[in-house]
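What follows is the content of work.cif, which has mmCIF, C-alpha atoms:
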data_data
#
loop_
_atom_site.label_atom_id
_atom_site.label_comp_id
_atom_site.auth_asym_id
_atom_site.auth_seq_id
_atom_site.Cartn_x
_atom_site.Cartn_y
_atom_site.Cartn_z
CA LEU V 77 9.82 28.41 -94.07
CA LEU V 78 12.84 30.72 -93.83
CA LEU V 79 11.13 33.20 -91.51
CA ASN V 80 9.94 30.40 -89.22
CA HIS V 81 13.26 28.53 -89.09
CA PHE V 82 15.93 31.17 -89.73
CA ASP V 83 17.65 30.25 -86.43
CA LEU V 84 18.66 26.98 -88.14
CA MET V 85 19.80 28.63 -91.38
CA ILE V 86 21.59 31.83 -90.33
CA ASN V 87 25.06 31.31 -88.91
CA SER V 88 27.05 34.44 -89.74
CA PRO V 89 26.75 38.25 -89.50
CA GLU V 90 26.66 38.48 -93.30
CA LYS V 91 23.70 36.11 -93.55
CA MET V 92 21.97 37.98 -90.72
CA LYS V 93 22.34 41.25 -92.64
CA GLU V 94 20.87 39.64 -95.74
CA LEU V 95 17.99 38.23 -93.70
CA ARG V 96 17.10 41.68 -92.36
CA LYS V 97 17.11 43.04 -95.91
CA LEU V 98 14.82 40.21 -96.99
CA ILE V 99 12.39 40.92 -94.15
CA LEU V 100 12.14 44.59 -95.12
CA GLN V 101 11.78 43.82 -98.81
CA LEU V 102 8.96 41.38 -98.09
CA ALA V 103 7.35 44.05 -95.90
CA VAL V 104 7.22 46.74 -98.60
CA GLN V 105 5.98 44.19 -101.17
CA GLY V 106 3.04 43.23 -98.96
CA LYS V 107 4.32 39.69 -98.39
CA LEU V 108 5.24 39.84 -94.71
CA VAL V 109 1.76 39.75 -93.19
CA PRO V 110 -1.60 38.69 -94.66
CA GLN V 111 -3.98 41.33 -95.96
CA ASP V 112 -7.33 41.90 -94.28
CA PRO V 113 -10.17 42.64 -96.73
CA HIS V 114 -11.89 44.66 -93.99
CA ASP V 115 -9.01 47.20 -93.83
CA GLU V 116 -9.81 50.66 -95.15
CA PRO V 117 -7.81 50.84 -98.43
CA ALA V 118 -4.83 53.13 -98.83
CA CYS V 119 -6.68 55.22 -101.45
CA VAL V 120 -8.92 56.48 -98.63
CA LEU V 121 -5.84 57.37 -96.60
CA LEU V 122 -4.48 59.33 -99.57
CA GLU V 123 -7.71 61.31 -99.82
CA GLN V 124 -7.49 62.09 -96.11
CA ILE V 125 -3.88 63.20 -96.51
CA LYS V 126 -4.87 65.43 -99.42
CA ALA V 127 -7.67 67.01 -97.38
CA GLU V 128 -5.38 67.59 -94.40
CA LYS V 129 -2.76 69.28 -96.59
CA GLU V 130 -5.38 71.58 -98.10
CA LYS V 131 -6.55 72.51 -94.61
CA LEU V 132 -2.99 73.28 -93.49
CA ILE V 133 -2.42 75.39 -96.61
CA LYS V 134 -5.56 77.44 -95.92
CA GLU V 135 -4.43 77.93 -92.32
CA LYS V 136 -1.01 79.01 -93.68
CA VAL V 137 0.73 76.31 -91.65
CA ILE V 138 2.38 74.96 -94.82
CA LYS V 139 2.87 76.35 -98.31
CA ARG V 140 1.51 74.85 -101.49
CA GLU V 141 4.30 73.01 -103.26
CA GLU V 142 4.94 72.27 -106.90
CA PRO V 143 3.02 69.12 -107.91
CA LEU V 144 5.16 66.02 -108.27
CA THR V 145 5.43 64.03 -111.48
CA PRO V 146 2.58 61.53 -111.92
CA ILE V 147 3.67 57.92 -111.40
CA LYS V 148 4.28 56.08 -114.67
CA ILE V 149 3.73 52.38 -115.26
CA ASP V 150 7.38 51.74 -116.15
CA GLU V 151 8.46 53.16 -112.76
CA ILE V 152 6.61 50.50 -110.78
CA PRO V 153 9.12 47.80 -109.74
CA TYR V 154 6.68 45.07 -108.64
CA GLU V 155 3.03 44.28 -108.05
CA ILE V 156 1.51 45.26 -104.71
CA PRO V 157 -1.58 43.82 -102.98
CA LYS V 158 -5.10 45.05 -103.54
CA GLY V 159 -5.81 47.98 -101.24
CA TRP V 160 -2.23 49.31 -101.45
CA GLU V 161 -1.14 52.37 -103.46
CA TRP V 162 2.06 53.60 -105.07
CA VAL V 163 2.92 57.11 -103.82
CA ARG V 164 5.76 59.60 -103.91
CA LEU V 165 7.47 60.41 -100.62
CA GLY V 166 6.81 64.14 -101.07
CA ASN V 167 3.06 63.54 -101.35
CA ILE V 168 2.68 61.88 -97.96
CA THR V 169 5.35 63.70 -95.91
CA ASN V 170 6.84 67.17 -95.48
CA TYR V 171 10.08 66.04 -97.17
CA GLY V 172 12.32 69.04 -97.87
CA VAL V 173 10.51 71.42 -95.50
CA ASN V 174 12.32 71.78 -92.18
CA GLU V 175 11.88 74.18 -89.29
CA LYS V 176 15.22 75.74 -88.39
CA THR V 177 16.59 77.35 -85.25
CA GLU V 178 19.77 79.10 -84.14
CA SER V 179 21.97 78.19 -81.19
CA HIS V 180 20.84 81.13 -79.02
CA ASN V 181 17.28 79.77 -79.09
CA ILE V 182 18.21 76.25 -77.90
CA LYS V 183 17.71 75.34 -74.24
CA LEU V 184 20.55 73.60 -72.40
CA ASP V 185 18.61 70.35 -71.84
CA THR V 186 17.52 70.03 -75.51
CA TRP V 187 18.48 66.83 -77.30
CA VAL V 188 21.04 67.63 -80.03
CA LEU V 189 21.33 64.84 -82.60
CA ASP V 190 24.30 64.38 -84.94
CA LEU V 191 24.84 61.73 -87.61
CA GLU V 192 27.65 60.21 -85.54
CA ASP V 193 25.11 59.41 -82.82
CA ILE V 194 23.36 56.86 -85.07
CA GLU V 195 24.97 53.52 -85.90
CA LYS V 196 25.19 52.74 -89.61
CA ASP V 197 23.00 49.94 -91.00
CA THR V 198 21.30 49.12 -87.69
CA SER V 199 20.21 52.74 -87.04
CA ARG V 200 20.77 52.09 -83.34
CA LEU V 201 20.97 55.31 -81.31
CA LEU V 202 24.48 55.21 -79.82
CA GLN V 203 24.15 58.21 -77.52
CA LYS V 204 21.76 61.02 -76.68
CA VAL V 205 23.61 64.32 -76.19
CA ARG V 206 22.16 67.51 -74.68
CA PHE V 207 22.91 71.04 -75.85
CA LYS V 208 24.86 71.81 -72.68
CA GLU V 209 27.26 69.01 -73.72
CA ARG V 210 27.40 69.93 -77.43
CA GLN V 211 26.99 73.68 -77.89
CA SER V 212 27.33 73.93 -81.65
CA LEU V 213 26.94 77.41 -83.14
CA SER V 214 25.56 76.22 -86.49
CA SER V 215 21.90 76.33 -87.51
CA LYS V 216 19.86 73.25 -86.65
CA ASN V 217 16.75 71.49 -87.91
CA VAL V 218 14.00 71.20 -85.32
CA PHE V 219 12.23 67.87 -84.87
CA TYR V 220 9.33 66.69 -82.74
CA LYS V 221 8.40 63.43 -81.06
CA ASN V 222 7.44 60.76 -83.64
CA ASP V 223 9.21 62.55 -86.51
CA VAL V 224 11.23 60.19 -88.70
CA LEU V 225 14.84 61.44 -88.72
CA TYR V 226 16.58 60.58 -91.98
CA GLY V 227 20.30 61.10 -92.65
CA LYS V 228 20.56 62.48 -96.20
CA LEU V 229 24.39 62.73 -96.11
CA ARG V 230 25.97 59.45 -97.23
CA PRO V 231 22.49 57.89 -97.20
CA TYR V 232 23.94 54.46 -98.00
CA LEU V 233 24.96 54.37 -94.30
CA ASP V 234 21.23 53.82 -93.65
CA LYS V 235 20.74 56.05 -90.60
CA VAL V 236 17.02 56.41 -89.84
CA ILE V 237 15.33 56.67 -86.43
CA VAL V 238 11.98 57.73 -84.98
CA ALA V 239 12.34 60.56 -82.45
CA ASP V 240 11.09 59.68 -78.98
CA GLU V 241 11.22 63.34 -77.87
CA THR V 242 11.53 66.84 -79.32
CA GLY V 243 15.00 68.13 -80.17
CA VAL V 244 17.30 69.64 -82.80
CA CYS V 245 19.66 68.02 -85.27
CA THR V 246 22.28 68.77 -87.90
CA THR V 247 20.85 70.04 -91.17
CA GLU V 248 22.16 66.82 -92.77
CA ILE V 249 19.31 65.04 -90.96
CA LEU V 250 15.79 65.63 -92.24
CA ALA V 251 12.81 65.58 -89.89
CA LEU V 252 10.06 63.81 -91.85
CA ARG V 253 6.46 64.03 -90.71
CA GLY V 254 3.76 61.95 -92.33
CA TYR V 255 0.31 63.46 -92.86
CA PHE V 256 -2.94 62.15 -91.38
CA GLY V 257 -1.61 59.59 -88.96
CA LEU V 258 0.83 57.86 -91.31
CA THR V 259 2.59 55.34 -89.06
CA PRO V 260 6.08 56.76 -88.30
CA SER V 261 7.66 53.35 -87.71
CA TYR V 262 6.34 52.05 -91.03
CA LEU V 263 7.84 55.06 -92.82
CA ARG V 264 11.14 54.41 -91.06
CA TRP V 265 11.26 50.80 -92.23
CA VAL V 266 10.37 51.83 -95.79
CA LEU V 267 13.33 54.24 -95.79
CA LYS V 268 15.56 51.36 -94.65
CA SER V 269 14.25 48.90 -97.24
CA PRO V 270 16.53 47.65 -100.06
CA GLN V 271 14.22 49.17 -102.67
CA PHE V 272 14.53 52.68 -101.22
CA ILE V 273 18.29 52.41 -100.56
CA ASN V 274 18.87 51.23 -104.15
CA TYR V 275 16.90 54.24 -105.41
CA VAL V 276 18.90 56.60 -103.19
CA ASN V 277 22.23 55.13 -104.34
CA SER V 278 21.22 55.80 -107.94
CA LYS V 279 20.40 59.46 -107.18
CA VAL V 280 23.09 60.74 -104.77
CA TYR V 281 25.40 63.51 -105.95
CA GLY V 282 28.78 64.76 -104.73
CA MET V 283 31.97 62.70 -104.62
CA LYS V 284 33.39 63.52 -101.17
CA MET V 285 30.11 64.26 -99.40
CA PRO V 286 27.41 62.35 -101.33
CA ARG V 287 23.87 63.29 -100.38
CA LEU V 288 20.31 62.90 -101.62
CA GLY V 289 18.85 66.00 -103.29
CA THR V 290 15.51 67.37 -102.13
CA ASN V 291 13.75 66.89 -105.45
CA ASP V 292 14.95 63.29 -105.80
CA GLY V 293 13.91 62.60 -102.22
CA ARG V 294 10.42 63.98 -102.76
CA ASN V 295 10.00 61.92 -105.94
CA ALA V 296 11.03 58.62 -104.35
CA LEU V 297 8.47 55.90 -105.03
CA LEU V 298 6.95 54.09 -102.02
CA SER V 299 4.37 51.35 -101.60
CA LEU V 300 1.66 52.45 -99.16
CA PRO V 301 -0.51 49.84 -97.37
CA PRO V 302 -3.75 50.56 -95.49
CA LEU V 303 -3.18 52.23 -92.13
CA ALA V 304 -4.21 49.12 -90.16
CA GLU V 305 -1.82 46.93 -92.16
CA GLN V 306 1.03 49.40 -91.59
CA LYS V 307 0.71 48.70 -87.87
CA ARG V 308 0.67 44.92 -88.41
CA ILE V 309 3.75 45.13 -90.62
CA VAL V 310 5.64 47.18 -88.03
CA GLN V 311 4.70 44.70 -85.31
CA LYS V 312 5.90 41.75 -87.43
CA ILE V 313 9.18 43.45 -88.38
CA GLU V 314 9.92 44.28 -84.76
CA GLN V 315 9.14 40.70 -83.73
CA LEU V 316 11.44 39.23 -86.39
CA PHE V 317 14.21 41.75 -85.76
CA ALA V 318 14.06 40.95 -82.03
CA SER V 319 14.62 37.29 -82.95
CA CYS V 320 17.52 38.37 -85.18
CA ASN V 321 19.07 40.30 -82.29
CA ALA V 322 18.73 37.33 -79.95
CA LEU V 323 20.29 35.02 -82.54
CA GLU V 324 23.15 37.48 -83.10
CA THR V 325 23.87 37.51 -79.37
CA GLN V 326 23.86 33.71 -79.37
CA LEU V 327 26.21 33.58 -82.38
CA GLU V 328 28.59 36.05 -80.75
CA THR V 329 28.66 33.99 -77.54
CA GLU V 330 29.38 30.86 -79.56
CA ARG V 331 32.11 32.67 -81.51
CA HIS V 332 33.88 33.73 -78.30
CA PHE V 333 33.63 30.16 -77.01
CA ARG V 334 35.11 28.71 -80.21
CA VAL V 335 37.96 31.23 -80.24
CA SER V 336 38.79 30.46 -76.60
CA LEU V 337 38.54 26.70 -77.15
CA ASN V 338 40.76 26.87 -80.23
CA HIS V 339 43.37 28.97 -78.42
CA SER V 340 43.50 26.41 -75.61
CA ALA V 341 43.62 23.40 -77.96
CA LEU V 342 46.46 24.79 -80.08
CA HIS V 343 48.39 25.89 -76.99
CA HIS V 344 48.28 22.36 -75.60
CA LEU V 345 49.33 20.99 -79.00
CA GLU V 346 52.36 23.29 -79.13
CA GLN V 347 53.33 22.46 -75.54
CA SER V 348 53.16 18.68 -76.00
CA GLN V 349 56.13 17.02 -74.30
CA ASN V 350 56.01 13.73 -76.18
CA GLU V 351 54.35 11.94 -79.08
CA GLU V 352 51.57 10.53 -76.91
CA GLU V 353 50.53 14.01 -75.68
CA PHE V 354 50.78 15.40 -79.20
CA GLN V 355 48.50 12.72 -80.65
CA LYS V 356 46.01 13.18 -77.82
CA HIS V 357 45.66 16.94 -78.45
CA PHE V 358 45.73 16.48 -82.21
CA ALA V 359 42.89 13.95 -81.96
CA PHE V 360 40.78 16.50 -80.05
CA ILE V 361 41.31 19.14 -82.76
CA SER V 362 40.53 16.61 -85.51
CA ARG V 363 37.36 15.51 -83.78
CA TYR V 364 36.01 19.07 -83.38
CA PHE V 365 37.58 20.54 -86.51
CA ASP V 366 34.27 21.77 -88.00
CA VAL V 367 33.28 23.42 -84.73
CA LEU V 368 36.63 25.13 -84.18
CA TYR V 369 37.21 26.35 -87.71
CA GLY V 370 33.79 27.71 -88.55
CA VAL V 371 35.28 30.95 -87.17
CA PRO V 372 37.63 32.76 -89.63
CA GLU V 373 40.09 34.08 -87.03
CA ASN V 374 40.64 30.53 -85.76
CA ILE V 375 41.92 29.52 -89.20
CA THR V 376 44.60 32.22 -89.03
CA LYS V 377 45.67 30.95 -85.61
CA LEU V 378 45.77 27.36 -86.94
CA LYS V 379 48.10 28.38 -89.80
CA GLN V 380 50.42 30.10 -87.34
CA THR V 381 50.48 26.99 -85.14
CA ILE V 382 51.25 24.70 -88.10
CA LEU V 383 54.32 26.80 -88.91
CA GLN V 384 55.36 26.91 -85.26
CA LEU V 385 55.11 23.13 -84.99
CA ALA V 386 57.14 22.80 -88.18
CA VAL V 387 60.13 24.79 -86.88
CA GLN V 388 59.90 22.99 -83.51
CA GLY V 389 60.26 19.61 -85.21
CA LYS V 390 56.77 18.51 -84.11
CA LEU V 391 54.96 18.50 -87.45
CA VAL V 392 56.35 15.24 -88.86
CA PRO V 393 58.05 12.30 -87.14
CA GLN V 394 61.84 12.04 -87.18
CA ASP V 395 63.52 9.19 -89.08
CA PRO V 396 66.59 7.77 -87.29
CA HIS V 397 68.02 6.79 -90.67
CA ASP V 398 68.21 10.42 -91.82
CA GLU V 399 71.76 11.74 -92.29
#
Let me see the structure of the file written as structure tokens.
Amino acid sequence: LLLNHFDLMINSPEKMKELRKLILQLAVQGKLVPQDPHDEPACVLLEQIKAEKEKLIKEKVIKREEPLTPIKIDEIPYEIPKGWEWVRLGNITNYGVNEKTESHNIKLDTWVLDLEDIEKDTSRLLQKVRFKERQSLSSKNVFYKNDVLYGKLRPYLDKVIVADETGVCTTEILALRGYFGLTPSYLRWVLKSPQFINYVNSKVYGMKMPRLGTNDGRNALLSLPPLAEQKRIVQKIEQLFASCNALETQLETERHFRVSLNHSALHHLEQSQNEEEFQKHFAFISRYFDVLYGVPENITKLKQTILQLAVQGKLVPQDPHDE
């Protein structure tokens, strides 16, 4: 009901933020889209990932890593659908292994990504800067198209994007690559889900520059759906988030209108030349009070106007019998 009628229930940025969290939490719990019994189960995908990693190790493309701790029953936070699997992030991605490069190897037209280029919470890419515009001398991590770029510094800022081209980035951004066709956009949404962010917040270290350690990152617990369902989930999230964006734009337009209308109404009230004008403008404000003062900044302006009317002698009627 909520997902079908959220345009009637969400009327503030705070509620919109909570709705987005809910959508992502439903997604990683397998409650956002229906399961298809004909989907190849995630256990098959895990076997394919394991085979691909062994092949890459034999070809000396990657090194064999220390095995991660087996998943215990008491770690599992909730039940997942049949056909899904609980996995550790380090088992399905190259988490903690990054290709590095130095500044003298970077071409002038290469995309250079910094944490400041990604908006917190929304993960919207604010700007795309080329090396000729930002010639940093520090070492960089190399990333490729479709890598999931995850900001490990102050991870509670929730900065995660999928690269749409090859480039380099600060070493505080990890380039994550899923094995055997793991859907990059699904991985991105998992890393932005409340479950993952709560885990990260419990593991970060460092007071001034908190970051997620490599071992804790690799051991993060994720719910993995079948490959086909990953694509359906991504499609549904993007559809719902597009509706959220449209509603946000509508709410912002309405907010500007209410602020402008309130400013005009209070101005006319203050400038009233007689009791008849005052009552006319006051009646308008009373009639549309709920509309005008559903916006917090309008309440502040109303308080200021009340005080201004008071010192102008317009707040209460005069009594000719007063001394």
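Atom pair CA of Thr381 in chain V / CA of Leu368 in chain V: separated by 14.0 Å.
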Could you tell me which residues the PyMOL selection byres ((chain V and resi 102) around 12) returns for this structure, as number ranges by chain? V: 79, 95-101, 103-110, 154-157, 265-266, 269-271, 299, 309, 312-313
Neighbour list for Asp185 in chain V as a PyMOL selection string, cut-off 9 Å, only C-alpha atoms, skip fewer than 4 positions in-chain: chain V and resi 205-209
Restrict the calculation to all atoms listed in the file, then for each residue of range 286-385 of chain V with any atom at most 12 Å from an atom of range 245-251 of chain V give the closest atom pair and their distance in Å to one decimal, rows by chain and rising residue number, as CSV.
residue,atom,partner,partner_atom,distance
V:Pro286,CA,V:Glu248,CA,11.0
V:Arg287,CA,V:Glu248,CA,8.6
V:Leu288,CA,V:Glu248,CA,9.9
V:Gly289,CA,V:Glu248,CA,11.1
V:Thr290,CA,V:Leu250,CA,10.0
V:Gly293,CA,V:Leu250,CA,10.6
V:Arg294,CA,V:Leu250,CA,11.9
Can you write out the residues you just picked, keeping C-alpha atoms, as a compact mmCIF listing (two decimals), in the frame of the given file?
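Output file out_8.txt follows:
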# COMPACT_ATOMS: atom_id res chain seq x y z
CA PRO V 286 27.41 62.35 -101.33
CA ARG V 287 23.87 63.29 -100.38
CA LEU V 288 20.31 62.90 -101.62
CA GLY V 289 18.85 66.00 -103.29
CA THR V 290 15.51 67.37 -102.13
CA GLY V 293 13.91 62.60 -102.22
CA ARG V 294 10.42 63.98 -102.76
So that I can see what lies close to Tyr226 in chain V, please list as a PyMOL selection string the residues with an atom at most 9 Å from it, counting all atoms listed in the file and leaving out residues fewer than 2 positions away in the same chain. chain V and resi 224+228+231+234-238+248-252+264+267
Separation of CA of Tyr232 in chain V from CA of Tyr281 in chain V, in Å and rounded to one decimal: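 Here the two named atoms are 12.1 Å from each other.
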Atom-to-atom span, CA of Ile152 in chain V and CA of Asp292 in chain V, Å: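 Between CA of Ile152 in chain V and CA of Asp292 in chain V the gap is 16.1 Å.
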Residue with smallest distance to Asp223 in chain V - pool V:Leu258, V:Leu378, V:Leu191, V:Ala386, counting all atoms listed in the file: V:Leu258
I need the residue nearest Lys139 in chain V from this list: V:Phe360, V:Glu353, V:Gly172, V:Met92. Use all atoms listed in the file for the distance.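 Nearest to Lys139 in chain V: V:Gly172.
The smallest atom-to-atom distance between Lys216 in chain V and any of V:Thr242, V:Ser179, V:Thr145, V:Gln311, using all atoms listed in the file, is found for V:Ser179.
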Residues near Ala239 in chain V, anyone? I mean within 6 Å using all atoms listed in the file, not counting same-chain ones fewer than 2 positions away, as a PDB file with C-alpha atoms, in the coordinates of the input.
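out06.pdb written:
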ATOM      1  CA  LYS V 221       8.400  63.430 -81.060  1.00  0.00           C
ATOM      2  CA  ASN V 222       7.440  60.760 -83.640  1.00  0.00           C
ATOM      3  CA  ASP V 223       9.210  62.550 -86.510  1.00  0.00           C
ATOM      4  CA  GLU V 241      11.220  63.340 -77.870  1.00  0.00           C
TER       5      GLU V 241
END
Please work out which residues fall within 10 Å of (-1.3, 69.5, -88.7), coordinates as given in the file, with all atoms listed in the file counting, and return them as a ChimeraX atom specification. /V:128-129,131-133,135,137-138,253-257
Nearest candidate to Ile147 in chain V (options V:Leu303, V:Leu383, V:Leu121, V:Ala296; using all atoms listed in the file): V:Ala296
Selection result of the PyMOL selection byres ((chain V and resi 160) around 8) on this file, as number ranges by chain: V: 117-119, 156-159, 161-162, 299-302
Would you kindly identify which residues have an atom no farther than 10 Å from (18.1, 75.4, -75.5), using all atoms listed in the file and the file's own coordinates, and write them out as a PyMOL selection string? chain V and resi 178-188+206-208+211+243-244
Store the residues picked out above, limited to C-alpha atoms, as a PDB file, in the coordinates of the input.
ATOM      1  CA  GLU V 178      19.770  79.100 -84.140  1.00  0.00           C
ATOM      2  CA  SER V 179      21.970  78.190 -81.190  1.00  0.00           C
ATOM      3  CA  HIS V 180      20.840  81.130 -79.020  1.00  0.00           C
ATOM      4  CA  ASN V 181      17.280  79.770 -79.090  1.00  0.00           C
ATOM      5  CA  ILE V 182      18.210  76.250 -77.900  1.00  0.00           C
ATOM      6  CA  LYS V 183      17.710  75.340 -74.240  1.00  0.00           C
ATOM      7  CA  LEU V 184      20.550  73.600 -72.400  1.00  0.00           C
ATOM      8  CA  ASP V 185      18.610  70.350 -71.840  1.00  0.00           C
ATOM      9  CA  THR V 186      17.520  70.030 -75.510  1.00  0.00           C
ATOM     10  CA  TRP V 187      18.480  66.830 -77.300  1.00  0.00           C
ATOM     11  CA  VAL V 188      21.040  67.630 -80.030  1.00  0.00           C
ATOM     12  CA  ARG V 206      22.160  67.510 -74.680  1.00  0.00           C
ATOM     13  CA  PHE V 207      22.910  71.040 -75.850  1.00  0.00           C
ATOM     14  CA  LYS V 208      24.860  71.810 -72.680  1.00  0.00           C
ATOM     15  CA  GLN V 211      26.990  73.680 -77.890  1.00  0.00           C
ATOM     16  CA  GLY V 243      15.000  68.130 -80.170  1.00  0.00           C
ATOM     17  CA  VAL V 244      17.300  69.640 -82.800  1.00  0.00           C
TER      18      VAL V 244
END
